[in-house]
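What follows is the content of work.cif, which has mmCIF, N, CA and C atoms:
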```
data_run
#
loop_
_atom_site.label_atom_id
_atom_site.label_comp_id
_atom_site.auth_asym_id
_atom_site.auth_seq_id
_atom_site.Cartn_x
_atom_site.Cartn_y
_atom_site.Cartn_z
N MET L 3 131.88 100.67 51.53
CA MET L 3 131.59 102.02 51.09
C MET L 3 132.74 102.93 51.52
N CYS L 4 133.20 103.76 50.63
CA CYS L 4 134.30 104.66 50.92
C CYS L 4 133.75 106.03 51.31
N ARG L 5 134.18 106.52 52.45
CA ARG L 5 133.74 107.85 52.86
C ARG L 5 134.88 108.82 52.65
N SER L 6 134.55 110.07 52.56
CA SER L 6 135.56 111.09 52.35
C SER L 6 136.32 111.35 53.64
N ILE L 7 137.58 111.72 53.49
CA ILE L 7 138.37 112.15 54.64
C ILE L 7 137.97 113.58 54.92
N LYS L 8 137.56 113.85 56.17
CA LYS L 8 137.11 115.20 56.50
C LYS L 8 138.26 116.01 57.09
N THR L 9 138.11 117.33 57.04
CA THR L 9 139.07 118.23 57.66
C THR L 9 139.02 118.04 59.16
N LEU L 10 140.17 117.93 59.80
CA LEU L 10 140.23 117.59 61.22
C LEU L 10 140.71 118.73 62.11
N ARG L 11 140.73 119.93 61.62
CA ARG L 11 141.18 121.04 62.46
C ARG L 11 140.07 122.07 62.63
N PRO L 12 140.07 122.72 63.80
CA PRO L 12 139.14 123.83 63.97
C PRO L 12 139.52 124.94 63.02
N PRO L 13 138.65 125.74 62.50
CA PRO L 13 137.22 125.77 62.80
C PRO L 13 136.39 124.83 61.93
N ALA L 14 137.01 123.98 61.13
CA ALA L 14 136.23 123.05 60.30
C ALA L 14 135.42 122.10 61.18
N ILE L 15 135.99 121.72 62.30
CA ILE L 15 135.22 120.98 63.30
C ILE L 15 135.27 121.81 64.58
N PRO L 16 134.23 121.79 65.38
CA PRO L 16 134.16 122.70 66.53
C PRO L 16 135.19 122.43 67.63
N GLU L 17 135.62 121.21 67.78
CA GLU L 17 136.59 120.87 68.82
C GLU L 17 137.77 120.16 68.19
N GLU L 18 138.78 119.90 68.99
CA GLU L 18 139.93 119.16 68.48
C GLU L 18 139.49 117.77 68.05
N ALA L 19 140.14 117.27 67.02
CA ALA L 19 139.84 115.92 66.52
C ALA L 19 140.21 114.88 67.58
N THR L 20 139.41 113.86 67.65
CA THR L 20 139.69 112.77 68.59
C THR L 20 140.68 111.81 67.95
N GLU L 21 141.29 110.98 68.78
CA GLU L 21 142.20 109.94 68.28
C GLU L 21 141.46 109.03 67.30
N GLU L 22 140.21 108.74 67.61
CA GLU L 22 139.40 107.88 66.73
C GLU L 22 139.19 108.52 65.36
N GLU L 23 138.91 109.82 65.32
CA GLU L 23 138.71 110.52 64.04
C GLU L 23 140.01 110.56 63.24
N ILE L 24 141.12 110.79 63.93
CA ILE L 24 142.42 110.85 63.25
C ILE L 24 142.78 109.49 62.68
N ARG L 25 142.57 108.44 63.46
CA ARG L 25 142.89 107.09 62.99
C ARG L 25 141.98 106.69 61.82
N ALA L 26 140.71 107.07 61.87
CA ALA L 26 139.79 106.76 60.77
C ALA L 26 140.24 107.44 59.48
N ALA L 27 140.71 108.67 59.58
CA ALA L 27 141.21 109.38 58.40
C ALA L 27 142.47 108.70 57.86
N ALA L 28 143.36 108.28 58.77
CA ALA L 28 144.58 107.58 58.34
C ALA L 28 144.23 106.27 57.65
N LEU L 29 143.28 105.54 58.19
CA LEU L 29 142.85 104.29 57.59
C LEU L 29 142.28 104.53 56.19
N GLN L 30 141.46 105.56 56.04
CA GLN L 30 140.90 105.87 54.72
C GLN L 30 142.01 106.20 53.73
N PHE L 31 143.01 106.96 54.19
CA PHE L 31 144.12 107.31 53.32
C PHE L 31 144.87 106.07 52.85
N VAL L 32 145.18 105.18 53.78
CA VAL L 32 145.92 103.95 53.43
C VAL L 32 145.08 103.08 52.50
N ARG L 33 143.80 102.99 52.76
CA ARG L 33 142.92 102.21 51.87
C ARG L 33 142.94 102.79 50.45
N LYS L 34 142.85 104.10 50.36
CA LYS L 34 142.80 104.75 49.05
C LYS L 34 144.12 104.55 48.31
N VAL L 35 145.23 104.81 49.00
CA VAL L 35 146.54 104.72 48.36
C VAL L 35 146.88 103.28 47.97
N SER L 36 146.56 102.33 48.85
CA SER L 36 146.91 100.93 48.58
C SER L 36 145.95 100.25 47.61
N GLY L 37 144.73 100.76 47.57
CA GLY L 37 143.72 100.12 46.74
C GLY L 37 143.05 98.93 47.40
N PHE L 38 143.34 98.72 48.68
CA PHE L 38 142.76 97.61 49.43
C PHE L 38 141.87 98.14 50.55
N ARG L 39 140.64 97.63 50.61
CA ARG L 39 139.78 97.96 51.74
C ARG L 39 140.24 97.16 52.95
N ALA L 40 140.57 95.92 52.73
CA ALA L 40 141.12 95.04 53.76
C ALA L 40 142.25 94.26 53.11
N PRO L 41 143.45 94.40 53.62
CA PRO L 41 144.59 93.73 52.97
C PRO L 41 144.59 92.22 53.23
N ALA L 42 145.26 91.50 52.37
CA ALA L 42 145.48 90.07 52.58
C ALA L 42 146.34 89.89 53.82
N ALA L 43 146.27 88.72 54.40
CA ALA L 43 147.01 88.43 55.63
C ALA L 43 148.50 88.76 55.50
N HIS L 44 149.09 88.47 54.34
CA HIS L 44 150.52 88.72 54.16
C HIS L 44 150.86 90.21 54.05
N ASN L 45 149.86 91.07 53.89
CA ASN L 45 150.08 92.51 53.84
C ASN L 45 149.56 93.24 55.08
N GLN L 46 148.95 92.52 56.00
CA GLN L 46 148.31 93.16 57.16
C GLN L 46 149.29 93.98 58.00
N GLU L 47 150.47 93.44 58.26
CA GLU L 47 151.44 94.14 59.11
C GLU L 47 151.87 95.47 58.51
N VAL L 48 152.20 95.48 57.25
CA VAL L 48 152.65 96.72 56.61
C VAL L 48 151.48 97.71 56.49
N PHE L 49 150.29 97.21 56.25
CA PHE L 49 149.09 98.04 56.18
C PHE L 49 148.85 98.72 57.54
N ASP L 50 148.87 97.93 58.61
CA ASP L 50 148.65 98.47 59.95
C ASP L 50 149.74 99.46 60.36
N ARG L 51 150.97 99.15 60.00
CA ARG L 51 152.08 100.05 60.31
C ARG L 51 151.89 101.39 59.60
N ALA L 52 151.45 101.36 58.36
CA ALA L 52 151.20 102.60 57.62
C ALA L 52 150.11 103.42 58.30
N VAL L 53 149.04 102.76 58.73
CA VAL L 53 147.97 103.48 59.43
C VAL L 53 148.52 104.12 60.70
N ASP L 54 149.32 103.39 61.46
CA ASP L 54 149.91 103.93 62.70
C ASP L 54 150.80 105.14 62.41
N GLU L 55 151.64 105.03 61.40
CA GLU L 55 152.57 106.12 61.07
C GLU L 55 151.83 107.35 60.58
N ILE L 56 150.80 107.16 59.79
CA ILE L 56 150.03 108.31 59.29
C ILE L 56 149.22 108.93 60.42
N THR L 57 148.72 108.12 61.33
CA THR L 57 148.02 108.65 62.50
C THR L 57 148.97 109.54 63.30
N GLU L 58 150.18 109.05 63.57
CA GLU L 58 151.17 109.82 64.33
C GLU L 58 151.55 111.11 63.59
N ALA L 59 151.75 111.04 62.30
CA ALA L 59 152.11 112.22 61.52
C ALA L 59 150.96 113.24 61.54
N THR L 60 149.74 112.75 61.50
CA THR L 60 148.57 113.65 61.52
C THR L 60 148.47 114.35 62.86
N VAL L 61 148.70 113.63 63.95
CA VAL L 61 148.69 114.25 65.27
C VAL L 61 149.74 115.35 65.34
N ARG L 62 150.95 115.07 64.86
CA ARG L 62 152.01 116.10 64.87
C ARG L 62 151.61 117.30 64.02
N LEU L 63 151.03 117.03 62.87
CA LEU L 63 150.59 118.12 62.00
C LEU L 63 149.55 118.99 62.70
N LEU L 64 148.51 118.38 63.22
CA LEU L 64 147.44 119.14 63.87
C LEU L 64 147.95 119.89 65.09
N ASP L 65 148.86 119.28 65.84
CA ASP L 65 149.44 119.95 67.01
C ASP L 65 150.29 121.16 66.62
N GLY L 66 150.91 121.10 65.46
CA GLY L 66 151.81 122.17 65.02
C GLY L 66 151.16 123.29 64.23
N LEU L 67 149.93 123.08 63.78
CA LEU L 67 149.27 124.11 62.98
C LEU L 67 148.89 125.31 63.82
N GLU L 68 149.08 126.48 63.24
CA GLU L 68 148.60 127.72 63.85
C GLU L 68 147.53 128.27 62.92
N VAL L 69 146.31 128.27 63.40
CA VAL L 69 145.19 128.75 62.59
C VAL L 69 144.90 130.19 63.04
N ARG L 70 145.28 131.12 62.25
CA ARG L 70 145.09 132.53 62.60
C ARG L 70 143.64 132.94 62.43
N GLY L 71 143.18 133.73 63.37
CA GLY L 71 141.81 134.22 63.31
C GLY L 71 140.79 133.25 63.89
N ALA L 72 141.26 132.09 64.31
CA ALA L 72 140.35 131.11 64.89
C ALA L 72 140.10 131.46 66.35
N VAL L 73 138.94 131.14 66.81
CA VAL L 73 138.59 131.35 68.21
C VAL L 73 139.32 130.30 69.04
N ARG L 74 140.05 130.76 70.04
CA ARG L 74 140.79 129.83 70.89
C ARG L 74 139.95 129.47 72.09
N THR L 75 140.01 128.19 72.46
CA THR L 75 139.30 127.75 73.65
C THR L 75 140.32 127.51 74.75
N PRO L 76 139.97 127.83 75.98
CA PRO L 76 140.93 127.67 77.08
C PRO L 76 141.23 126.23 77.40
#
```

Show the structure stored in the file as structure tokens.
Amino acid sequence: MCRSIKTLRPPAIPEEATEEEIRAAALQFVRKVSGFRAPAAHNQEVFDRAVDEITEATVRLLDGLEVRGAVRTP
């Protein structure tokens, strides 16, 4: 079953996204783009690398976003 990728930044979610949530979104993205829910053994390495790279890019994106008007937590 394919679930939707949810918004991972406050105020869409009350707290910062966890590593698990970010990785799950990256996995969903790679699955959607590749068309594979689970890749064949010969594609596993490139599939996993893509998930890792998208996870890292998402962390950088979320860390760099400035959401104006959002309530800041200490």

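For the pair atom CA of Pro16 of chain L and atom CA of Val35 of chain L, the separation is 28.4 Å.
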
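Among the candidate residues L:Ile7, L:Val48, L:Val61, L:Leu67, the one lying nearest to Ala27 of chain L is L:Ile7, with distances computed using only C-alpha atoms.
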
Subject >> Picked residues, the PyMOL selection byres (((chain L and resi 17-21 and name CA) around 12) and name CA), expected as a ChimeraX atom specification >> reply: /L:8-16,22-28,54,57-58,60-61,63-65,67,72-76

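Between atom CA of Val32 of chain L and atom CA of Val69 of chain L the interatomic distance comes to 26.4 Å.
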
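Taking atom CA of Arg39 of chain L as the reference point, atom CA of Arg62 of chain L is found at 25.5 Å.
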
All file atoms of segment 59-65 of chain L boxed axis-aligned, 4 Å per side, centre plus edges, as JSON:
```
{"center_x": 149.8, "center_y": 116.1, "center_z": 64.3, "size_x": 12.7, "size_y": 18.1, "size_z": 13.5}
```

Original post:
Where does DSSP see helix (DSSP H, G or I) in chain L, if you list the residues as a PyMOL selection string?
Top reply: chain L and resi 21-36+43-66

Grab segment 9-22 of chain L from that structure and dump N, CA and C atoms to a file, as a short mmCIF file (atom, residue, chain, number, x, y, z; two decimals), in the first residue's frame.
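The resulting out.cif:
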```
data_model
loop_
_atom_site.label_atom_id
_atom_site.label_comp_id
_atom_site.auth_asym_id
_atom_site.auth_seq_id
_atom_site.Cartn_x
_atom_site.Cartn_y
_atom_site.Cartn_z
N THR L 9 3.87 16.55 4.83
CA THR L 9 4.70 17.72 5.07
C THR L 9 5.47 17.50 6.37
N LEU L 10 6.77 17.78 6.35
CA LEU L 10 7.62 17.47 7.49
C LEU L 10 8.13 18.70 8.24
N ARG L 11 7.56 19.84 8.02
CA ARG L 11 8.02 21.02 8.74
C ARG L 11 6.91 21.61 9.59
N PRO L 12 7.30 22.21 10.72
CA PRO L 12 6.31 22.94 11.51
C PRO L 12 5.83 24.13 10.70
N PRO L 13 4.62 24.59 10.80
CA PRO L 13 3.60 24.12 11.74
C PRO L 13 2.76 22.97 11.21
N ALA L 14 3.11 22.39 10.08
CA ALA L 14 2.33 21.26 9.56
C ALA L 14 2.38 20.08 10.53
N ILE L 15 3.52 19.90 11.16
CA ILE L 15 3.61 18.93 12.26
C ILE L 15 4.06 19.72 13.49
N PRO L 16 3.61 19.33 14.66
CA PRO L 16 3.87 20.16 15.85
C PRO L 16 5.34 20.24 16.27
N GLU L 17 6.12 19.24 15.98
CA GLU L 17 7.53 19.23 16.36
C GLU L 17 8.39 18.98 15.13
N GLU L 18 9.69 19.07 15.31
CA GLU L 18 10.58 18.77 14.19
C GLU L 18 10.41 17.32 13.77
N ALA L 19 10.56 17.08 12.49
CA ALA L 19 10.45 15.71 11.96
C ALA L 19 11.59 14.85 12.51
N THR L 20 11.27 13.62 12.77
CA THR L 20 12.29 12.68 13.25
C THR L 20 13.05 12.12 12.06
N GLU L 21 14.20 11.54 12.34
CA GLU L 21 14.99 10.88 11.29
C GLU L 21 14.16 9.78 10.63
N GLU L 22 13.38 9.08 11.43
CA GLU L 22 12.53 8.00 10.90
C GLU L 22 11.48 8.55 9.93
#
```
